[in-house]
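K.L.:
mmCIF, N, CA and C atoms and all ligand atoms, file model.cif:
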```cif
data_query
loop_
_atom_site.label_atom_id
_atom_site.label_comp_id
_atom_site.auth_asym_id
_atom_site.auth_seq_id
_atom_site.Cartn_x
_atom_site.Cartn_y
_atom_site.Cartn_z
N MET A 22 -3.84 8.49 -18.14
CA MET A 22 -4.39 8.65 -16.79
C MET A 22 -5.86 8.98 -16.83
N GLY A 23 -6.77 8.11 -17.21
CA GLY A 23 -8.19 8.41 -17.17
C GLY A 23 -8.87 7.53 -16.15
N LYS A 24 -8.89 6.27 -16.49
CA LYS A 24 -9.51 5.24 -15.68
C LYS A 24 -8.81 5.09 -14.34
N GLU A 25 -7.51 5.15 -14.42
CA GLU A 25 -6.65 5.04 -13.26
C GLU A 25 -7.07 6.02 -12.16
N TYR A 26 -7.33 7.24 -12.57
CA TYR A 26 -7.72 8.28 -11.63
C TYR A 26 -9.06 7.95 -10.98
N ALA A 27 -10.00 7.46 -11.79
CA ALA A 27 -11.32 7.09 -11.29
C ALA A 27 -11.22 5.94 -10.29
N VAL A 28 -10.37 4.97 -10.61
CA VAL A 28 -10.18 3.81 -9.75
C VAL A 28 -9.62 4.24 -8.39
N LEU A 29 -8.56 5.05 -8.44
CA LEU A 29 -7.92 5.48 -7.19
C LEU A 29 -8.83 6.37 -6.34
N SER A 30 -9.60 7.23 -6.99
CA SER A 30 -10.47 8.10 -6.20
C SER A 30 -11.61 7.31 -5.56
N PHE A 31 -11.96 6.19 -6.19
CA PHE A 31 -12.97 5.31 -5.59
C PHE A 31 -12.45 4.75 -4.27
N PHE A 32 -11.23 4.26 -4.28
CA PHE A 32 -10.63 3.69 -3.05
C PHE A 32 -10.48 4.75 -1.97
N LYS A 33 -10.07 5.95 -2.41
CA LYS A 33 -9.89 7.05 -1.48
C LYS A 33 -11.22 7.40 -0.80
N GLN A 34 -12.23 7.52 -1.63
CA GLN A 34 -13.56 7.90 -1.15
C GLN A 34 -14.13 6.85 -0.19
N LYS A 35 -13.90 5.58 -0.51
CA LYS A 35 -14.43 4.50 0.32
C LYS A 35 -13.53 4.18 1.51
N LYS A 36 -12.44 4.95 1.63
CA LYS A 36 -11.46 4.74 2.70
C LYS A 36 -10.91 3.31 2.71
N ILE A 37 -10.66 2.82 1.49
CA ILE A 37 -10.06 1.49 1.35
C ILE A 37 -8.55 1.70 1.17
N ASP A 38 -7.78 1.01 2.00
CA ASP A 38 -6.33 1.18 1.93
C ASP A 38 -5.81 0.63 0.59
N TYR A 39 -4.91 1.35 -0.04
CA TYR A 39 -4.36 0.87 -1.31
C TYR A 39 -2.93 1.32 -1.50
N LEU A 40 -2.23 0.62 -2.36
CA LEU A 40 -0.88 1.01 -2.74
C LEU A 40 -0.82 1.03 -4.26
N PHE A 41 -0.60 2.21 -4.83
CA PHE A 41 -0.59 2.37 -6.28
C PHE A 41 0.81 2.09 -6.82
N LEU A 42 0.89 1.21 -7.81
CA LEU A 42 2.16 0.89 -8.45
C LEU A 42 2.09 1.37 -9.91
N PRO A 43 2.35 2.68 -10.14
CA PRO A 43 2.17 3.25 -11.48
C PRO A 43 3.00 2.56 -12.57
N GLU A 44 4.20 2.11 -12.20
CA GLU A 44 5.08 1.47 -13.21
C GLU A 44 4.53 0.13 -13.68
N LYS A 45 3.63 -0.47 -12.89
CA LYS A 45 3.04 -1.76 -13.26
C LYS A 45 1.59 -1.64 -13.69
N ASN A 46 1.06 -0.43 -13.66
CA ASN A 46 -0.37 -0.20 -13.91
C ASN A 46 -1.23 -1.05 -12.98
N GLN A 47 -0.83 -1.11 -11.73
CA GLN A 47 -1.56 -1.92 -10.77
C GLN A 47 -1.78 -1.17 -9.47
N VAL A 48 -2.82 -1.58 -8.79
CA VAL A 48 -3.07 -1.06 -7.46
C VAL A 48 -3.30 -2.26 -6.54
N VAL A 49 -2.60 -2.25 -5.39
CA VAL A 49 -2.77 -3.33 -4.43
C VAL A 49 -3.83 -2.91 -3.44
N ILE A 50 -4.84 -3.75 -3.28
CA ILE A 50 -5.98 -3.46 -2.42
C ILE A 50 -6.37 -4.72 -1.66
N PRO A 51 -7.14 -4.60 -0.58
CA PRO A 51 -7.58 -5.81 0.10
C PRO A 51 -8.71 -6.47 -0.69
N CYS A 52 -8.70 -7.80 -0.73
CA CYS A 52 -9.78 -8.54 -1.39
C CYS A 52 -11.10 -8.22 -0.69
N PRO A 53 -12.16 -7.93 -1.47
CA PRO A 53 -13.44 -7.57 -0.83
C PRO A 53 -14.06 -8.73 -0.04
N HIS A 54 -13.59 -9.95 -0.29
CA HIS A 54 -14.17 -11.11 0.39
C HIS A 54 -13.35 -11.59 1.58
N CYS A 55 -12.02 -11.64 1.43
CA CYS A 55 -11.21 -12.19 2.52
C CYS A 55 -10.19 -11.19 3.10
N GLY A 56 -10.00 -10.06 2.46
CA GLY A 56 -9.10 -9.05 3.00
C GLY A 56 -7.63 -9.23 2.64
N LYS A 57 -7.30 -10.33 1.98
CA LYS A 57 -5.92 -10.57 1.57
C LYS A 57 -5.55 -9.60 0.45
N PRO A 58 -4.27 -9.13 0.40
CA PRO A 58 -3.91 -8.19 -0.67
C PRO A 58 -4.06 -8.81 -2.06
N ILE A 59 -4.69 -8.06 -2.95
CA ILE A 59 -4.85 -8.49 -4.35
C ILE A 59 -4.36 -7.36 -5.25
N ASN A 60 -3.99 -7.69 -6.46
CA ASN A 60 -3.57 -6.68 -7.43
C ASN A 60 -4.67 -6.45 -8.45
N MET A 61 -5.01 -5.19 -8.63
CA MET A 61 -6.00 -4.83 -9.66
C MET A 61 -5.27 -4.07 -10.76
N CYS A 62 -5.53 -4.45 -11.99
CA CYS A 62 -4.96 -3.73 -13.13
C CYS A 62 -5.74 -2.43 -13.31
N THR A 63 -5.03 -1.30 -13.37
CA THR A 63 -5.74 -0.02 -13.47
C THR A 63 -6.28 0.24 -14.89
N ASP A 64 -5.85 -0.56 -15.87
CA ASP A 64 -6.39 -0.42 -17.24
C ASP A 64 -7.71 -1.18 -17.38
N THR A 65 -7.70 -2.44 -16.98
CA THR A 65 -8.87 -3.29 -17.17
C THR A 65 -9.74 -3.38 -15.91
N THR A 66 -9.20 -2.96 -14.77
CA THR A 66 -9.78 -3.08 -13.42
C THR A 66 -10.00 -4.54 -13.01
N GLU A 67 -9.32 -5.46 -13.70
CA GLU A 67 -9.48 -6.88 -13.36
C GLU A 67 -8.57 -7.27 -12.20
N TRP A 68 -9.07 -8.16 -11.38
CA TRP A 68 -8.32 -8.63 -10.22
C TRP A 68 -8.69 -10.08 -9.97
N ASP A 69 -7.82 -10.82 -9.28
CA ASP A 69 -8.25 -12.10 -8.76
C ASP A 69 -7.52 -12.45 -7.49
N CYS A 70 -8.24 -13.14 -6.61
CA CYS A 70 -7.71 -13.49 -5.30
C CYS A 70 -7.39 -14.98 -5.29
N HIS A 71 -6.14 -15.29 -4.97
CA HIS A 71 -5.71 -16.69 -4.95
C HIS A 71 -6.17 -17.41 -3.68
N ARG A 72 -6.43 -16.62 -2.64
CA ARG A 72 -6.82 -17.25 -1.39
C ARG A 72 -8.28 -17.74 -1.43
N CYS A 73 -9.19 -16.85 -1.79
CA CYS A 73 -10.60 -17.29 -1.76
C CYS A 73 -11.13 -17.59 -3.16
N GLU A 74 -10.22 -17.57 -4.13
CA GLU A 74 -10.55 -17.94 -5.51
C GLU A 74 -11.74 -17.18 -6.08
N THR A 75 -11.74 -15.86 -5.85
CA THR A 75 -12.74 -15.01 -6.48
C THR A 75 -12.00 -14.07 -7.42
N ASN A 76 -12.72 -13.56 -8.39
CA ASN A 76 -12.10 -12.60 -9.30
C ASN A 76 -13.17 -11.72 -9.89
N GLY A 77 -12.75 -10.73 -10.65
CA GLY A 77 -13.71 -9.84 -11.29
C GLY A 77 -13.07 -8.55 -11.71
N ASN A 78 -13.91 -7.54 -11.84
CA ASN A 78 -13.42 -6.21 -12.19
C ASN A 78 -13.93 -5.23 -11.13
N LEU A 79 -13.83 -3.95 -11.44
CA LEU A 79 -14.23 -2.94 -10.44
C LEU A 79 -15.69 -3.09 -10.02
N ILE A 80 -16.54 -3.44 -10.96
CA ILE A 80 -17.97 -3.60 -10.65
C ILE A 80 -18.18 -4.71 -9.60
N ASN A 81 -17.51 -5.84 -9.81
CA ASN A 81 -17.61 -6.94 -8.84
C ASN A 81 -17.01 -6.54 -7.49
N PHE A 82 -15.95 -5.75 -7.58
CA PHE A 82 -15.30 -5.28 -6.36
C PHE A 82 -16.27 -4.42 -5.55
N ILE A 83 -16.91 -3.48 -6.24
CA ILE A 83 -17.87 -2.58 -5.58
C ILE A 83 -19.01 -3.38 -4.94
N LYS A 84 -19.49 -4.39 -5.66
CA LYS A 84 -20.55 -5.26 -5.11
C LYS A 84 -20.07 -5.96 -3.85
N GLY A 85 -18.84 -6.40 -3.87
CA GLY A 85 -18.26 -7.06 -2.70
C GLY A 85 -18.12 -6.12 -1.52
N VAL A 86 -17.76 -4.88 -1.82
CA VAL A 86 -17.59 -3.87 -0.77
C VAL A 86 -18.92 -3.56 -0.09
N GLN A 87 -19.98 -3.56 -0.87
CA GLN A 87 -21.29 -3.21 -0.33
C GLN A 87 -21.77 -4.18 0.75
N LYS A 88 -21.19 -5.38 0.74
CA LYS A 88 -21.58 -6.37 1.76
C LYS A 88 -20.98 -6.05 3.12
N GLY A 89 -19.95 -5.26 3.14
CA GLY A 89 -19.32 -4.91 4.41
C GLY A 89 -18.14 -4.00 4.21
N GLU A 90 -17.67 -3.44 5.29
CA GLU A 90 -16.53 -2.53 5.22
C GLU A 90 -15.23 -3.30 5.06
N ILE A 91 -14.31 -2.70 4.34
CA ILE A 91 -13.00 -3.33 4.19
C ILE A 91 -12.01 -2.53 5.02
N LYS A 92 -11.54 -3.15 6.07
CA LYS A 92 -10.63 -2.42 6.96
C LYS A 92 -9.19 -2.91 6.89
N SER A 93 -8.95 -3.96 6.11
CA SER A 93 -7.60 -4.52 6.03
C SER A 93 -6.63 -3.47 5.50
N LYS A 94 -5.43 -3.49 6.06
CA LYS A 94 -4.39 -2.54 5.64
C LYS A 94 -3.46 -3.22 4.63
N ILE A 95 -2.99 -2.41 3.71
CA ILE A 95 -2.03 -2.89 2.71
C ILE A 95 -0.65 -2.39 3.12
N TYR A 96 0.33 -3.27 3.06
CA TYR A 96 1.68 -2.85 3.43
C TYR A 96 2.16 -1.79 2.46
N ASN A 97 2.47 -0.62 3.02
CA ASN A 97 2.88 0.51 2.20
C ASN A 97 4.28 0.95 2.63
N PRO A 98 5.31 0.63 1.83
CA PRO A 98 6.69 0.92 2.21
C PRO A 98 6.94 2.40 2.54
N LYS A 99 6.32 3.29 1.79
CA LYS A 99 6.51 4.72 2.04
C LYS A 99 5.98 5.12 3.41
N ARG A 100 4.79 4.59 3.72
CA ARG A 100 4.18 4.90 5.02
C ARG A 100 4.99 4.28 6.15
N GLU A 101 5.48 3.04 5.94
CA GLU A 101 6.30 2.36 6.94
C GLU A 101 7.56 3.16 7.23
N ARG A 102 8.19 3.65 6.17
CA ARG A 102 9.43 4.41 6.31
C ARG A 102 9.17 5.67 7.13
N LYS A 103 8.08 6.35 6.82
CA LYS A 103 7.72 7.57 7.53
C LYS A 103 7.51 7.29 9.02
N GLU A 104 6.76 6.23 9.30
CA GLU A 104 6.48 5.88 10.69
C GLU A 104 7.75 5.48 11.44
N LEU A 105 8.61 4.75 10.74
CA LEU A 105 9.87 4.31 11.33
C LEU A 105 10.76 5.52 11.66
N LEU A 106 10.82 6.48 10.74
CA LEU A 106 11.64 7.67 10.98
C LEU A 106 11.08 8.50 12.13
N GLN A 107 9.75 8.52 12.26
CA GLN A 107 9.13 9.24 13.38
C GLN A 107 9.47 8.56 14.70
N MET A 108 9.46 7.23 14.70
CA MET A 108 9.80 6.47 15.90
C MET A 108 11.25 6.74 16.30
N ILE A 109 12.13 6.74 15.31
CA ILE A 109 13.55 6.98 15.56
C ILE A 109 13.73 8.40 16.12
N HIS A 110 13.02 9.33 15.53
CA HIS A 110 13.12 10.72 15.97
C HIS A 110 12.74 10.89 17.44
N LYS A 111 11.71 10.14 17.85
CA LYS A 111 11.25 10.21 19.25
C LYS A 111 12.29 9.64 20.22
N LEU A 112 13.09 8.70 19.73
CA LEU A 112 14.10 8.06 20.58
C LEU A 112 15.35 8.93 20.75
N ARG A 113 15.46 9.91 19.89
CA ARG A 113 16.67 10.74 19.85
C ARG A 113 16.73 11.68 21.05
N THR A 114 17.82 11.60 21.80
CA THR A 114 18.04 12.50 22.93
C THR A 114 19.42 13.13 22.80
N GLU A 115 19.77 14.02 23.71
CA GLU A 115 21.08 14.68 23.68
C GLU A 115 22.21 13.66 23.75
N THR A 116 22.02 12.64 24.59
CA THR A 116 23.09 11.68 24.82
C THR A 116 23.27 10.65 23.70
N ASN A 117 22.19 10.28 23.02
CA ASN A 117 22.33 9.24 21.97
C ASN A 117 22.24 9.81 20.56
N ARG A 118 22.19 11.11 20.48
CA ARG A 118 22.00 11.80 19.20
C ARG A 118 22.89 11.25 18.08
N GLU A 119 24.17 11.11 18.37
CA GLU A 119 25.12 10.66 17.35
C GLU A 119 24.78 9.26 16.83
N GLN A 120 24.51 8.35 17.76
CA GLN A 120 24.17 6.97 17.37
C GLN A 120 22.87 6.91 16.58
N ILE A 121 21.88 7.64 17.06
CA ILE A 121 20.58 7.64 16.40
C ILE A 121 20.70 8.20 14.98
N ASP A 122 21.45 9.28 14.83
CA ASP A 122 21.63 9.86 13.49
C ASP A 122 22.35 8.90 12.56
N LYS A 123 23.30 8.17 13.10
CA LYS A 123 24.04 7.18 12.33
C LYS A 123 23.10 6.06 11.86
N MET A 124 22.25 5.65 12.80
CA MET A 124 21.30 4.59 12.53
C MET A 124 20.33 5.02 11.42
N LYS A 125 19.86 6.26 11.51
CA LYS A 125 18.94 6.82 10.52
C LYS A 125 19.60 6.84 9.14
N GLU A 126 20.86 7.23 9.13
CA GLU A 126 21.62 7.31 7.88
C GLU A 126 21.76 5.92 7.26
N LYS A 127 22.08 4.94 8.11
CA LYS A 127 22.24 3.56 7.64
C LYS A 127 20.91 3.02 7.08
N LEU A 128 19.84 3.32 7.78
CA LEU A 128 18.52 2.87 7.36
C LEU A 128 18.15 3.47 6.00
N ASP A 129 18.42 4.75 5.84
CA ASP A 129 18.13 5.42 4.57
C ASP A 129 18.94 4.83 3.42
N ARG A 130 20.21 4.52 3.70
CA ARG A 130 21.06 3.93 2.66
C ARG A 130 20.53 2.55 2.27
N LEU A 131 20.10 1.80 3.26
CA LEU A 131 19.56 0.46 3.01
C LEU A 131 18.28 0.54 2.15
N ILE A 132 17.41 1.46 2.51
CA ILE A 132 16.16 1.65 1.76
C ILE A 132 16.46 2.03 0.31
N ASN A 133 17.38 2.98 0.14
CA ASN A 133 17.74 3.42 -1.21
C ASN A 133 18.37 2.30 -2.03
N TYR A 134 19.13 1.46 -1.36
CA TYR A 134 19.75 0.31 -2.03
C TYR A 134 18.68 -0.61 -2.59
N TYR A 135 17.70 -0.94 -1.78
CA TYR A 135 16.63 -1.85 -2.24
C TYR A 135 15.70 -1.21 -3.24
N LYS A 136 15.56 0.11 -3.15
CA LYS A 136 14.73 0.83 -4.10
C LYS A 136 15.27 0.63 -5.51
N LYS A 137 16.59 0.69 -5.65
CA LYS A 137 17.24 0.51 -6.95
C LYS A 137 17.07 -0.92 -7.45
N GLU A 138 17.14 -1.87 -6.51
CA GLU A 138 17.02 -3.28 -6.86
C GLU A 138 15.64 -3.62 -7.39
N GLY A 139 14.63 -3.10 -6.66
CA GLY A 139 13.23 -3.42 -6.98
C GLY A 139 12.85 -2.77 -8.26
ZN ZN B 1 -10.00 -13.18 -1.27
#
```
How does the structure come out when it is put into structure tokens?
Ligand SMILES: [Zn+2]
P.N.:
Amino acid sequence: MGKEYAVLSFFKQKKIDYLFLPEKNQVVIPCPHCGKPINMCTDTTEWDCHRCETNGNLINFIKGVQKGEIKSKIYNPKRERKELLQMIHKLRTETNREQIDKMKEKLDRLINYYKKEG
């Protein structure tokens, strides 16, 4: 965990949305040129974008960022789950409590099922 930490703190500092995949040594970030999600290796910091056919390392990425802000969001399953549970919680009332709780339970089981698969 040396370079990896530096890479992630760069994204945090620049407020660039990212999803860290520690088991793959990768971080998913928006392409600095087109905003499409790209994978950067946290060991080599190399990345390439299939959409706009650009590639490079962290240095090239930083140069790309300097041309403009990157506001694209990366799909983050953990964040989605949290938001979904908050939405469900808001829908919960005295009268539908049982159904909503059942739904929440089913959703959690489904998520855990796919977590094992992935
Ligand atoms: Zn691109």
K.L.:
To check your reading of the model: which residues sit at most 6.5 Å from ligand ZN 1 (chain B) when counting all atoms listed in the file? Write the answer as a ChimeraX atom specification.
P.N.:
/A:52-57,70-75
K.L.:
Excluding Phe41 (chain A) and any residue of its chain fewer than 5 positions from it, enumerate the residues within 10 Å of it, using only C-alpha atoms, and give them as JSON, numbers by chain.
P.N.:
{"A": [25, 29, 46, 47, 48, 49, 50, 60, 61, 63, 97]}
K.L.:
Just give me the gap between atom N of Ile59 (chain A) and CA of Pro43 (chain A) in Å, one decimal is fine.
P.N.:
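Between atom N of Ile59 (chain A) and CA of Pro43 (chain A) the gap works out to 15.7 Å.
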K.L.:
Which residue out of A:Glu44, A:Glu104, A:Asp38, A:Asp69 has the minimum interatomic distance to Ile91 (chain A) when only N, CA and C atoms are used?
P.N.:
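With only N, CA and C atoms as the atom set, the closest residue is A:Asp38.
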K.L.:
Among chain A, which ones does DSSP assign to helix (DSSP H, G or I) (computed from the backbone)? Answer as a PyMOL selection string.
P.N.:
chain A and resi 24-34+43-45+79-87+98-112+118-138
K.L.:
Suppose you want the space between CA of Ser30 (chain A) and atom C of Ile95 (chain A); what is it in Å?
P.N.:
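Here the two named atoms are 17.1 Å from each other.
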K.L.:
Where in region 50-134 of chain A does DSSP assign strand (DSSP E), given as a list in words?
P.N.:
Ile50, Pro51, Pro58, Ile59, Asn60, Met61, Cys62, Trp68, Asp69, Cys70, Thr75, Asn76 and Gly77 of chain A
K.L.:
Next, the residues of the selection above should be written as a PDB file, in the frame of the given file with N, CA and C atoms.
P.N.:
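Once everything was written out, this is part_19.pdb:
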```pdb
ATOM      1  N   ILE A  50      -4.840  -3.750  -3.280  1.00  0.00           N
ATOM      2  CA  ILE A  50      -5.980  -3.460  -2.420  1.00  0.00           C
ATOM      3  C   ILE A  50      -6.370  -4.720  -1.660  1.00  0.00           C
ATOM      4  N   PRO A  51      -7.140  -4.600  -0.580  1.00  0.00           N
ATOM      5  CA  PRO A  51      -7.580  -5.810   0.100  1.00  0.00           C
ATOM      6  C   PRO A  51      -8.710  -6.470  -0.690  1.00  0.00           C
ATOM      7  N   PRO A  58      -4.270  -9.130   0.400  1.00  0.00           N
ATOM      8  CA  PRO A  58      -3.910  -8.190  -0.670  1.00  0.00           C
ATOM      9  C   PRO A  58      -4.060  -8.810  -2.060  1.00  0.00           C
ATOM     10  N   ILE A  59      -4.690  -8.060  -2.950  1.00  0.00           N
ATOM     11  CA  ILE A  59      -4.850  -8.490  -4.350  1.00  0.00           C
ATOM     12  C   ILE A  59      -4.360  -7.360  -5.250  1.00  0.00           C
ATOM     13  N   ASN A  60      -3.990  -7.690  -6.460  1.00  0.00           N
ATOM     14  CA  ASN A  60      -3.570  -6.680  -7.430  1.00  0.00           C
ATOM     15  C   ASN A  60      -4.670  -6.450  -8.450  1.00  0.00           C
ATOM     16  N   MET A  61      -5.010  -5.190  -8.630  1.00  0.00           N
ATOM     17  CA  MET A  61      -6.000  -4.830  -9.660  1.00  0.00           C
ATOM     18  C   MET A  61      -5.270  -4.070 -10.760  1.00  0.00           C
ATOM     19  N   CYS A  62      -5.530  -4.450 -11.990  1.00  0.00           N
ATOM     20  CA  CYS A  62      -4.960  -3.730 -13.130  1.00  0.00           C
ATOM     21  C   CYS A  62      -5.740  -2.430 -13.310  1.00  0.00           C
ATOM     22  N   TRP A  68      -9.070  -8.160 -11.380  1.00  0.00           N
ATOM     23  CA  TRP A  68      -8.320  -8.630 -10.220  1.00  0.00           C
ATOM     24  C   TRP A  68      -8.690 -10.080  -9.970  1.00  0.00           C
ATOM     25  N   ASP A  69      -7.820 -10.820  -9.280  1.00  0.00           N
ATOM     26  CA  ASP A  69      -8.250 -12.100  -8.760  1.00  0.00           C
ATOM     27  C   ASP A  69      -7.520 -12.450  -7.490  1.00  0.00           C
ATOM     28  N   CYS A  70      -8.240 -13.140  -6.610  1.00  0.00           N
ATOM     29  CA  CYS A  70      -7.710 -13.490  -5.300  1.00  0.00           C
ATOM     30  C   CYS A  70      -7.390 -14.980  -5.290  1.00  0.00           C
ATOM     31  N   THR A  75     -11.740 -15.860  -5.850  1.00  0.00           N
ATOM     32  CA  THR A  75     -12.740 -15.010  -6.480  1.00  0.00           C
ATOM     33  C   THR A  75     -12.000 -14.070  -7.420  1.00  0.00           C
ATOM     34  N   ASN A  76     -12.720 -13.560  -8.390  1.00  0.00           N
ATOM     35  CA  ASN A  76     -12.100 -12.600  -9.300  1.00  0.00           C
ATOM     36  C   ASN A  76     -13.170 -11.720  -9.890  1.00  0.00           C
ATOM     37  N   GLY A  77     -12.750 -10.730 -10.650  1.00  0.00           N
ATOM     38  CA  GLY A  77     -13.710  -9.840 -11.290  1.00  0.00           C
ATOM     39  C   GLY A  77     -13.070  -8.550 -11.710  1.00  0.00           C
TER      40      GLY A  77
END
```
K.L.:
For Glu67 (chain A), which of A:Val28, A:Met124, A:Ile109, A:Val86 is the closest residue, counting only C-alpha atoms?
P.N.:
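Once distances to Glu67 (chain A) are computed over only C-alpha atoms, the minimum belongs to A:Val28.
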